[in-house]
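Novice: To start, I am sharing the structure in question, which I have written as structure tokens.
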Amino acid sequence: MNLVEGLRNLLGSTGVASLTWGQAVMIGVSLSLIWLAIQKKYEPSLLLPIGFAGVLANIPLAGIGGPDGLLGILYGFGIETGLFPLLIFVGIGAMTDFGPLIANPKTALLGAAAQVGIFATLIGSLLLSEWLGFGFTLRDAASIGIIGGADGPTAIFLASRLSPRLLGAIAVAAYSYMAMVPLIQPPIMRLLTTKAEREIEMHQLRTVSKRERILFPLVVLGLCALLLPAATPLVGMLMFGNLLKESGVVERLSRTAQNELINIVTIFLGLSVGSKLSADLFLRVETLGILVLGLLAFAVGTASGVLMAKLLGRWGSRVNPLIGAAGVSAVPMAARVVNRLGLEANPHNALLMHAMGPNVAGVLGSAVAAGVLLALLG
């Protein structure tokens with residue numbers, strides 16, 4: 001009898017006996033993210049650790065994703081404090097070339113226009129709550145809307161401050177849609193432009209001096225500190241990383257920020273986000289709403305950027321409206337998509353450097369939008 005009870009206890013302590021249907025579903029979802037990272041190469045540096053952590057978080061009885069588990073400790077250390085997104089921004093700044101934006105400042109308007117998706121989705125989230133009873137608060141709506149900025153670290157930073165319970169769904173939506181830029185954006189770009197508009201060739205950008213490159217991060221930081229202090233953490237780290245690169249006197253630090261620092265933090269960030277893919281946190285009706293609203297945010301942001309570029313073109317500037325789609329800030333993937341569509345329409349139409357202007361402006365725009373929302377609601 002004791003032997004039988006012992007066998008029953010042993011069987012009850014196995015993962016097979018303790019696995020719930022929700023955990024099985026989320027393990028399947030996590031394996032799908034791993035497949036997308038490996039097979040389709042969609043943001044593999046993030047989807048791979050997120051997917052693997054999602055598998056770990058749903059292993060029965062292990063408690064890896066709990067407060068005292070490895071993933072839970074990482075989450076508390078780097079996400080709840082906002083540390084990981086800020087360190088990521090140092091690396092992004094060190095890898096970013098603001099030269100195209102400095103050479104053509106008008107493209108900042110395209111980066112700003114693409115942030116319309118953030119505020120349109122904020123309103124959409126509140127309407128869903130009103131009409132369908134999703135229960136999203138204003139803080140939740142702001143966290144969901146930031147997905148439209150197509151900037152993963154910014155989305156995580158804002159969600160961790162305003163809606164920690166929605167962080168897993170928001171992070172997965174943000175990075176999934178960033179990874180699917182080549183699938184989501186082209187149909188919208190073709191729908192809103194004519195073939196003649198896509199064929200427009202733009203003039204070569206002027207050379208930007210080293211002095212301008214050094215002054216740019218200092219001026220942006222100063223303006224941010226004066227006008228929107230709430231955005232200073234994100235913008236400040238971005239500008240610090242860029243100054244490391246452009247100063248030319250700390251090459252070793254710049255290389256570290258671009259490589260070792262951002263790679264290490266990316267691993268920890270992905271594992272921390274994946275810890276929130278546990279079945280009890282993710283399998284909710286509101287998660288489906290977040291995924292739908294995130295796609296809407298991305299689509300509206302893309303469309304707004306293209307339409308603003310068309311408006312600039314009508315004001316007398318020679319602007320290919322495709323570059324407006326790069327304002328969603330998925331750097332540099334959105335700019336590459338713009339360049340590919342431009343070459344499809346006209347083999348002599350290289351738009352990559354022109355698209356990088358609104359692309360990096362979008363990074364600043366999403367950080368500013370996050371700062372505005374944080375100042376209003378935080």
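Following the order of the structure tokens, chains are lettered A, B, ..., residues in each are numbered from 1, and ligands are numbered from 1.
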Need the shell around Leu205 of chain A: protein/DNA/RNA residues with any atom at most 8 Å away, counting only C-alpha atoms. Skip same-chain ones fewer than 4 positions apart. Format as a list in words?
Specialist: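 Neighbouring residues, sequence-local ones excluded: Pro100, Ala103, Asn104 and His354 of chain A.
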Novice: Please list as a list in words every residue within 12 Å of Ser317 of chain A, counting only C-alpha atoms and excluding residues in the same chain fewer than 4 positions away.
Specialist: Asn104, Lys106, Thr107, Ile200, Glu201, Met202, His203, Ala309, Lys310, Leu311, Leu312, Gly313 and Pro321 of chain A
Novice: Env of Thr287 of chain A: 12 Å cut, atoms = only C-alpha atoms, seq-sep filter 2 positions within chain, self excluded. Answer as a count of residues only.
Specialist: 29
Novice: Would you list the contacts of Thr207 of chain A as JSON, numbers by chain, taking every protein, DNA or RNA residue within 12 Å and counting only C-alpha atoms, but skipping same-chain residues closer than 4 positions in sequence?
Specialist: {"A": [98, 99, 100, 101, 102, 103, 104, 211, 212, 213, 353]}
Novice: I'd like a table as CSV: residues in segment 126-186 of chain A with an atom no more than 10 Å from segment 70-83 of chain A, each row giving the shortest atom pair and its distance in Å to one decimal, only C-alpha atoms counted, sorted by chain and rising residue number.
Specialist:
```
residue,atom,partner,partner_atom,distance
A:Pro153,CA,A:Gly82,CA,9.4
A:Thr154,CA,A:Gly82,CA,9.9
A:Ile156,CA,A:Ile79,CA,7.6
A:Phe157,CA,A:Gly82,CA,5.7
A:Leu158,CA,A:Gly82,CA,8.7
A:Ala159,CA,A:Glu80,CA,9.6
A:Ser160,CA,A:Glu80,CA,5.8
A:Arg161,CA,A:Glu80,CA,7.5
A:Pro164,CA,A:Glu80,CA,7.9
A:Leu167,CA,A:Ile79,CA,9.5
```
Novice: Report the distance between atom CA of Ile264 of chain A and atom CA of Met237 of chain A in Å, rounded to one decimal place.
Specialist: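 One can read the atom CA of Ile264 of chain A to atom CA of Met237 of chain A distance as 16.7 Å.
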Novice: Show which residues sit within 10 Å of Cys224 of chain A, as a list of chain:residue names. Count only C-alpha atoms, and ignore same-chain residues fewer than 6 positions away.
Specialist: A:Leu218, A:Ala230, A:Ala231, A:Thr232, A:Pro233, A:Val235, A:Gly236, A:Val368, A:Gly371
Novice: Next, the residues of the selection above should be written as a compact mmCIF listing (two decimals), in the first residue's frame with N, CA and C atoms.
Specialist:
```txt
# COMPACT_ATOMS: atom_id res chain seq x y z
N LEU A 218 23.27 66.73 -27.64
CA LEU A 218 23.25 67.68 -26.53
C LEU A 218 22.05 68.62 -26.64
N ALA A 230 9.68 64.21 -18.29
CA ALA A 230 9.27 62.81 -18.09
C ALA A 230 9.89 61.89 -19.13
N ALA A 231 10.25 62.43 -20.30
CA ALA A 231 10.85 61.61 -21.36
C ALA A 231 12.37 61.55 -21.24
N THR A 232 12.93 62.27 -20.29
CA THR A 232 14.39 62.35 -20.17
C THR A 232 15.07 61.00 -19.97
N PRO A 233 14.52 60.08 -19.17
CA PRO A 233 15.22 58.79 -19.03
C PRO A 233 15.47 58.10 -20.36
N VAL A 235 15.07 59.41 -23.64
CA VAL A 235 15.80 60.27 -24.57
C VAL A 235 17.23 60.48 -24.10
N GLY A 236 17.42 60.63 -22.80
CA GLY A 236 18.76 60.86 -22.26
C GLY A 236 19.69 59.70 -22.53
N VAL A 368 9.23 60.42 -26.95
CA VAL A 368 8.53 61.64 -26.52
C VAL A 368 7.07 61.32 -26.20
N GLY A 371 6.89 59.75 -22.96
CA GLY A 371 7.09 60.75 -21.92
C GLY A 371 5.83 61.57 -21.65
```
Novice: So what do you get for atom CA of Val338 of chain A versus atom CA of Val220 of chain A, distance-wise?
Specialist: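 Interatomic distance, atom CA of Val338 of chain A to atom CA of Val220 of chain A: 26.3 Å.
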Novice: Can you pull out every residue from segment 34-165 of chain A that DSSP, working from the backbone, puts in alpha helix (DSSP H), and format the result as a count of residues only?
Specialist: 85
Novice: What's the separation between atom CA of Leu234 of chain A and atom CA of Gly51 of chain A, in Å to one decimal place?
Specialist: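 Separating atom CA of Leu234 of chain A from atom CA of Gly51 of chain A is a distance of 25.9 Å.
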Novice: Counting only C-alpha atoms, what is within 10 Å of Val300 of chain A, bar same-chain residues fewer than 4 positions away, as an MDAnalysis selection string?
Specialist: chainID A and resid 113:121 148 188 294:296 304:306 328
Novice: Those selected residues, please, written with N, CA and C atoms and delivered as a CSV table (one decimal), in the first residue's frame.
Specialist:
```
chain,number,residue,atom,x,y,z
A,113,ALA,N,4.4,62.2,-37.3
A,113,ALA,CA,3.1,61.8,-37.9
A,113,ALA,C,2.8,60.3,-37.6
A,114,ALA,N,3.9,59.5,-37.7
A,114,ALA,CA,3.7,58.1,-37.5
A,114,ALA,C,3.2,57.8,-36.1
A,115,GLN,N,3.4,58.7,-35.1
A,115,GLN,CA,3.0,58.5,-33.7
A,115,GLN,C,1.5,58.6,-33.6
A,116,VAL,N,0.8,59.1,-34.6
A,116,VAL,CA,-0.7,59.2,-34.6
A,116,VAL,C,-1.3,57.9,-34.2
A,117,GLY,N,-0.7,56.8,-34.6
A,117,GLY,CA,-1.2,55.4,-34.3
A,117,GLY,C,-1.3,55.2,-32.8
A,118,ILE,N,-0.4,55.8,-32.0
A,118,ILE,CA,-0.4,55.6,-30.6
A,118,ILE,C,-1.6,56.2,-30.0
A,119,PHE,N,-2.0,57.4,-30.3
A,119,PHE,CA,-3.1,58.1,-29.7
A,119,PHE,C,-4.4,57.6,-30.3
A,120,ALA,N,-4.4,57.2,-31.6
A,120,ALA,CA,-5.6,56.6,-32.1
A,120,ALA,C,-6.0,55.3,-31.4
A,121,THR,N,-5.0,54.5,-31.1
A,121,THR,CA,-5.2,53.2,-30.5
A,121,THR,C,-5.6,53.4,-29.0
A,148,GLY,N,2.0,51.2,-31.2
A,148,GLY,CA,2.1,51.8,-32.5
A,148,GLY,C,3.4,52.5,-32.7
A,188,ILE,N,-0.1,48.5,-47.1
A,188,ILE,CA,-0.6,49.8,-46.8
A,188,ILE,C,0.1,50.9,-47.6
A,294,GLY,N,-2.9,46.4,-31.2
A,294,GLY,CA,-1.5,46.6,-31.6
A,294,GLY,C,-1.4,46.6,-33.1
A,295,LEU,N,-2.0,45.7,-33.8
A,295,LEU,CA,-2.0,45.7,-35.2
A,295,LEU,C,-2.6,47.0,-35.8
A,296,LEU,N,-3.7,47.4,-35.2
A,296,LEU,CA,-4.3,48.7,-35.6
A,296,LEU,C,-3.4,49.9,-35.5
A,304,SER,N,-0.3,57.1,-41.4
A,304,SER,CA,-0.1,58.5,-41.1
A,304,SER,C,1.2,59.1,-41.6
A,305,GLY,N,2.2,58.2,-41.5
A,305,GLY,CA,3.5,58.7,-42.0
A,305,GLY,C,3.5,58.9,-43.5
A,306,VAL,N,2.9,57.9,-44.2
A,306,VAL,CA,2.8,58.0,-45.7
A,306,VAL,C,2.0,59.2,-46.1
A,328,VAL,N,7.7,54.8,-38.2
A,328,VAL,CA,7.2,54.0,-37.1
A,328,VAL,C,8.3,53.5,-36.2
```
Novice: Give me, as a ChimeraX atom specification, all polymer residues having an atom no more than 8 Å from segment 266-268 of chain A, counting only C-alpha atoms and skipping those fewer than 6 positions away in the same chain.
Specialist: /A:45-46,49,74,78,84,88
Novice: Between A:Leu376, A:Leu19, A:Met239, A:Ala257, which one has atoms that come closest to Val363 of chain A, using only C-alpha atoms?
Specialist: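 Ranked by minimum distance to Val363 of chain A, first place goes to A:Met239.
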Novice: Compare A:Gln204, A:Gly133, A:Leu228, A:Asp151 by their minimum atom-to-atom distance to Ala375 of chain A, counting only C-alpha atoms, and give me the closest one.
Specialist: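 Closest residue, counting only C-alpha atoms: A:Leu228.
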